[in-house]
Amino acid sequence: TTLSAPLGHINVHIRDGSVLLLHAEPAYTIEDTRDGPYSLLVSQAKDGYAFGTAYVDDGETVPPTPNTTVTFTARKGAVAISSSGSFHISQKLETVTVLGASAVQPQKVTVNGVKVGKFQFNAGAEELVISGVGIDLNGHTIIAWE
């Protein structure tokens, strides 16, 4: 397969069943980017499963230092987020994009049982984008849609 990649464009490929924690807003410096919010990209496999982990520390000190591992597990209709470790993650998770969410428009999206009012759904791409959620990555969270 040949994909177009004009100058200044980098193709990124994600395997089904993967979850990636990303910086939501690239900034001018690494420090500014690191201080900004996170986004989550979930690429569900056909059965709805996806899994990923993220190791988070201060990004400056030589390990071993306080750190936290955040685990993401997706299934049809939900994404579970849990963390373990001693490093406090001050940045929030602001946007969650789920690829392979469903072919049917979700009627309700919740975060820990609380209804989220701001989400977009693209049925053709089976893409659900939940924004403005402000999820704390230091605990346990369930994002669900139906």
# chains A, B, ... in the order shown; residues from 1 in each chain; ligands from 1
>>> residues_around(residues="A:Val70", least_positions_apart="6", cutoff="7 Å", atoms="only C-alpha atoms", output="short mmCIF file (atom, residue, chain, number, x, y, z; two decimals) with C-alpha atoms, in the first residue's frame")
data_model
loop_
_atom_site.label_atom_id
_atom_site.label_comp_id
_atom_site.auth_asym_id
_atom_site.auth_seq_id
_atom_site.Cartn_x
_atom_site.Cartn_y
_atom_site.Cartn_z
CA THR A 53 -0.64 1.68 29.35
CA ALA A 54 1.16 4.96 29.90
CA TYR A 55 4.14 5.51 32.19
CA ILE A 81 -9.04 4.01 33.23
CA SER A 82 -7.06 3.08 36.34
CA SER A 83 -3.73 4.19 37.74
CA SER A 84 -1.14 2.92 40.17
#
>>> residues_around(residues="A:Gly132", least_positions_apart="2", cutoff="8 Å", atoms="only C-alpha atoms", output="mmCIF file with N, CA, C and O atoms, in the first residue's frame")
data_model
loop_
_atom_site.group_PDB
_atom_site.id
_atom_site.type_symbol
_atom_site.label_atom_id
_atom_site.label_comp_id
_atom_site.auth_asym_id
_atom_site.auth_seq_id
_atom_site.Cartn_x
_atom_site.Cartn_y
_atom_site.Cartn_z
ATOM 1 N N GLU A 94 -8.708 15.654 28.680
ATOM 2 C CA GLU A 94 -9.773 16.537 28.185
ATOM 3 C C GLU A 94 -10.583 15.950 27.039
ATOM 4 O O GLU A 94 -11.760 16.236 26.916
ATOM 5 N N THR A 95 -9.947 15.147 26.190
ATOM 6 C CA THR A 95 -10.638 14.627 25.012
ATOM 7 C C THR A 95 -10.393 13.129 24.879
ATOM 8 O O THR A 95 -9.275 12.665 25.049
ATOM 9 N N LYS A 118 -21.282 16.994 25.936
ATOM 10 C CA LYS A 118 -20.532 17.402 24.753
ATOM 11 C C LYS A 118 -19.824 16.204 24.111
ATOM 12 O O LYS A 118 -18.750 15.799 24.551
ATOM 13 N N ILE A 130 -15.411 12.579 22.599
ATOM 14 C CA ILE A 130 -15.948 13.159 23.827
ATOM 15 C C ILE A 130 -14.966 14.239 24.258
ATOM 16 O O ILE A 130 -13.784 13.962 24.447
ATOM 17 N N GLY A 134 -12.316 16.683 31.431
ATOM 18 C CA GLY A 134 -11.503 17.005 32.604
ATOM 19 C C GLY A 134 -11.322 15.851 33.573
ATOM 20 O O GLY A 134 -11.457 16.006 34.779
#
>>> residues_around(residues="A:Ala80", least_positions_apart="3", cutoff="6 Å", atoms="only C-alpha atoms", output="ChimeraX atom specification")
/A:72-73,141-142
>>> write_last_selection(atoms="C-alpha atoms", output="CSV table (one decimal), in the first residue's frame")
chain,number,residue,atom,x,y,z
A,72,PHE,CA,-6.7,1.8,29.7
A,73,THR,CA,-9.0,-1.1,28.9
A,141,THR,CA,-12.8,6.2,35.8
A,142,ILE,CA,-15.4,4.6,33.6
>>> select_by_dssp(residues="chain A", states="alpha helix (DSSP H)", output="list in words")
Ile30, Glu31, Asp32, Thr33, Arg34 and Asp35 of chain A
>>> write_last_selection(atoms="N, CA, C and O atoms", output="PDB file, in the first residue's frame")
ATOM      1  N   ILE A  30       8.840  21.728  24.967  1.00  0.00           N
ATOM      2  CA  ILE A  30       8.465  20.454  25.575  1.00  0.00           C
ATOM      3  C   ILE A  30       7.813  20.693  26.935  1.00  0.00           C
ATOM      4  O   ILE A  30       6.830  20.058  27.280  1.00  0.00           O
ATOM      5  N   GLU A  31       8.368  21.624  27.702  1.00  0.00           N
ATOM      6  CA  GLU A  31       7.820  21.914  29.029  1.00  0.00           C
ATOM      7  C   GLU A  31       6.381  22.416  28.935  1.00  0.00           C
ATOM      8  O   GLU A  31       5.516  21.984  29.690  1.00  0.00           O
ATOM      9  N   ASP A  32       6.119  23.314  27.993  1.00  0.00           N
ATOM     10  CA  ASP A  32       4.754  23.818  27.816  1.00  0.00           C
ATOM     11  C   ASP A  32       3.813  22.712  27.356  1.00  0.00           C
ATOM     12  O   ASP A  32       2.663  22.638  27.787  1.00  0.00           O
ATOM     13  N   THR A  33       4.270  21.840  26.474  1.00  0.00           N
ATOM     14  CA  THR A  33       3.450  20.717  26.011  1.00  0.00           C
ATOM     15  C   THR A  33       3.146  19.784  27.173  1.00  0.00           C
ATOM     16  O   THR A  33       2.006  19.363  27.362  1.00  0.00           O
ATOM     17  N   ARG A  34       4.155  19.483  27.974  1.00  0.00           N
ATOM     18  CA  ARG A  34       4.004  18.568  29.104  1.00  0.00           C
ATOM     19  C   ARG A  34       3.022  19.112  30.142  1.00  0.00           C
ATOM     20  O   ARG A  34       2.325  18.359  30.798  1.00  0.00           O
ATOM     21  N   ASP A  35       2.942  20.429  30.287  1.00  0.00           N
ATOM     22  CA  ASP A  35       2.034  21.039  31.256  1.00  0.00           C
ATOM     23  C   ASP A  35       0.591  21.116  30.762  1.00  0.00           C
ATOM     24  O   ASP A  35      -0.321  21.412  31.536  1.00  0.00           O
TER      25      ASP A  35
END
>>> residues_around(residues="stretch 45-49 of chain A", least_positions_apart="3", cutoff="10 Å", atoms="only C-alpha atoms", output="ChimeraX atom specification")
/A:15-19,42,73-79,99-102
>>> write_last_selection(atoms="all heavy atoms", output="compact mmCIF listing (two decimals), in the first residue's frame")
# COMPACT_ATOMS: atom_id res chain seq x y z
N ARG A 15 -2.53 0.28 15.39
CA ARG A 15 -3.08 -1.07 15.31
C ARG A 15 -4.40 -1.13 16.07
O ARG A 15 -4.55 -0.54 17.14
CB ARG A 15 -2.09 -2.06 15.90
CG ARG A 15 -2.54 -3.50 15.84
CD ARG A 15 -1.53 -4.42 16.50
NE ARG A 15 -0.21 -4.33 15.88
CZ ARG A 15 0.17 -5.07 14.83
NH1 ARG A 15 -0.66 -5.92 14.29
NH2 ARG A 15 1.38 -4.95 14.35
N ASP A 16 -5.38 -1.86 15.50
CA ASP A 16 -6.64 -2.10 16.21
C ASP A 16 -6.34 -2.74 17.56
O ASP A 16 -5.43 -3.56 17.68
CB ASP A 16 -7.54 -3.03 15.42
CG ASP A 16 -8.22 -2.34 14.24
OD1 ASP A 16 -8.09 -1.11 14.13
OD2 ASP A 16 -8.86 -3.04 13.45
N GLY A 17 -7.08 -2.35 18.56
CA GLY A 17 -6.89 -2.90 19.89
C GLY A 17 -5.90 -2.11 20.72
O GLY A 17 -5.50 -2.55 21.79
N SER A 18 -5.51 -0.93 20.24
CA SER A 18 -4.52 -0.10 20.95
C SER A 18 -5.17 1.13 21.57
O SER A 18 -6.14 1.66 21.05
CB SER A 18 -3.44 0.39 19.99
OG SER A 18 -2.77 -0.69 19.41
N VAL A 19 -4.59 1.58 22.68
CA VAL A 19 -5.00 2.82 23.33
C VAL A 19 -3.74 3.66 23.54
O VAL A 19 -2.76 3.17 24.07
CB VAL A 19 -5.69 2.56 24.69
CG1 VAL A 19 -6.11 3.87 25.33
CG2 VAL A 19 -6.88 1.62 24.54
N VAL A 42 -8.46 5.76 21.34
CA VAL A 42 -8.80 4.35 21.53
C VAL A 42 -9.16 3.78 20.17
O VAL A 42 -10.10 4.25 19.53
CB VAL A 42 -9.99 4.18 22.50
CG1 VAL A 42 -10.35 2.71 22.67
CG2 VAL A 42 -9.71 4.84 23.83
N THR A 73 -8.41 0.15 29.43
CA THR A 73 -9.01 -1.07 28.91
C THR A 73 -10.36 -0.71 28.31
O THR A 73 -11.21 -0.14 29.00
CB THR A 73 -9.19 -2.13 30.02
OG1 THR A 73 -7.95 -2.32 30.68
CG2 THR A 73 -9.67 -3.44 29.43
N ALA A 74 -10.55 -1.05 27.04
CA ALA A 74 -11.82 -0.75 26.37
C ALA A 74 -12.53 -2.05 26.02
O ALA A 74 -11.90 -3.07 25.76
CB ALA A 74 -11.57 0.06 25.11
N ARG A 75 -13.84 -1.96 26.03
CA ARG A 75 -14.70 -3.03 25.53
C ARG A 75 -15.85 -2.34 24.84
O ARG A 75 -15.93 -1.12 24.86
CB ARG A 75 -15.18 -3.92 26.68
CG ARG A 75 -15.88 -3.17 27.78
CD ARG A 75 -16.34 -4.07 28.92
NE ARG A 75 -16.71 -3.32 30.09
CZ ARG A 75 -17.81 -2.60 30.23
NH1 ARG A 75 -18.66 -2.53 29.24
NH2 ARG A 75 -18.08 -1.96 31.33
N LYS A 76 -16.74 -3.08 24.22
CA LYS A 76 -17.86 -2.44 23.53
C LYS A 76 -18.65 -1.58 24.52
O LYS A 76 -19.12 -2.07 25.54
CB LYS A 76 -18.78 -3.48 22.90
CG LYS A 76 -18.20 -4.07 21.65
CD LYS A 76 -19.19 -4.93 20.92
CE LYS A 76 -18.53 -5.45 19.67
NZ LYS A 76 -19.43 -6.23 18.85
N GLY A 77 -18.74 -0.30 24.23
CA GLY A 77 -19.55 0.59 25.03
C GLY A 77 -18.88 1.21 26.24
O GLY A 77 -19.53 1.94 26.98
N ALA A 78 -17.60 0.95 26.47
CA ALA A 78 -16.96 1.51 27.67
C ALA A 78 -15.43 1.51 27.58
O ALA A 78 -14.84 0.67 26.90
CB ALA A 78 -17.39 0.76 28.92
N VAL A 79 -14.84 2.47 28.29
CA VAL A 79 -13.39 2.53 28.47
C VAL A 79 -13.14 2.70 29.96
O VAL A 79 -13.72 3.59 30.59
CB VAL A 79 -12.75 3.72 27.70
CG1 VAL A 79 -11.27 3.82 28.01
CG2 VAL A 79 -12.99 3.60 26.21
N LEU A 99 -12.29 5.04 18.19
CA LEU A 99 -12.48 4.55 16.83
C LEU A 99 -13.07 3.15 16.90
O LEU A 99 -12.62 2.33 17.69
CB LEU A 99 -11.15 4.53 16.08
CG LEU A 99 -10.38 5.85 16.05
CD1 LEU A 99 -9.03 5.67 15.38
CD2 LEU A 99 -11.19 6.93 15.35
N GLY A 100 -14.08 2.86 16.08
CA GLY A 100 -14.76 1.58 16.13
C GLY A 100 -15.79 1.52 17.23
O GLY A 100 -16.14 0.46 17.73
N ALA A 101 -16.31 2.70 17.62
CA ALA A 101 -17.24 2.79 18.74
C ALA A 101 -18.54 2.05 18.47
O ALA A 101 -19.03 1.32 19.32
CB ALA A 101 -17.55 4.25 19.07
N SER A 102 -19.11 2.24 17.29
CA SER A 102 -20.38 1.63 16.95
C SER A 102 -20.82 2.20 15.62
O SER A 102 -20.34 3.25 15.21
CB SER A 102 -21.43 1.96 18.02
OG SER A 102 -22.71 1.55 17.60
>>> select_by_dssp(residues="stretch 24-141 of chain A", states="strand (DSSP E)", output="VMD selection string")
chain A and resid 38 to 43 50 to 56 68 to 75 78 to 85 92 to 99 109 to 111 114 to 115 119 to 122 127 to 136 141
>>> residues_around(residues="A:Gly36", least_positions_apart="3", cutoff="12 Å", atoms="only C-alpha atoms", output="list in words")
Leu22, His23, Ala24, Glu25, Pro26, Ala27, Tyr28, Thr29, Ile30, Glu31, Asp32, Thr33, Ser39, Ile89, Ser90, Gln91, Lys92, Leu93, Glu94 and Gly134 of chain A
>>> atom_distance(atom1="atom CA of A:Gln105", atom2="atom CA of A:Ala144")
13.3 Å
>>> atom_distance(atom1="atom CA of A:Leu40", atom2="atom CA of A:Ala125")
17.1 Å
>>> closest_residue(among="A:Leu137, A:Val129, A:Val116, A:His9", to="A:Leu21", atoms="only C-alpha atoms")
A:Leu137
>>> atom_distance(atom1="atom CA of A:Asp57", atom2="atom CA of A:His140")
18.3 Å
>>> closest_residue(among="A:Val98, A:Ile14, A:Thr1, A:Asn112", to="A:Ser131", atoms="only C-alpha atoms")
A:Val98
>>> closest_residue(among="A:Asn122, A:Thr69, A:Pro37, A:Leu128", to="A:Val109", atoms="only C-alpha atoms")
A:Leu128
>>> closest_residue(among="A:Ile135, A:Val96, A:Ile143, A:Phe51", to="A:Gly113", atoms="only C-alpha atoms")
A:Ile143
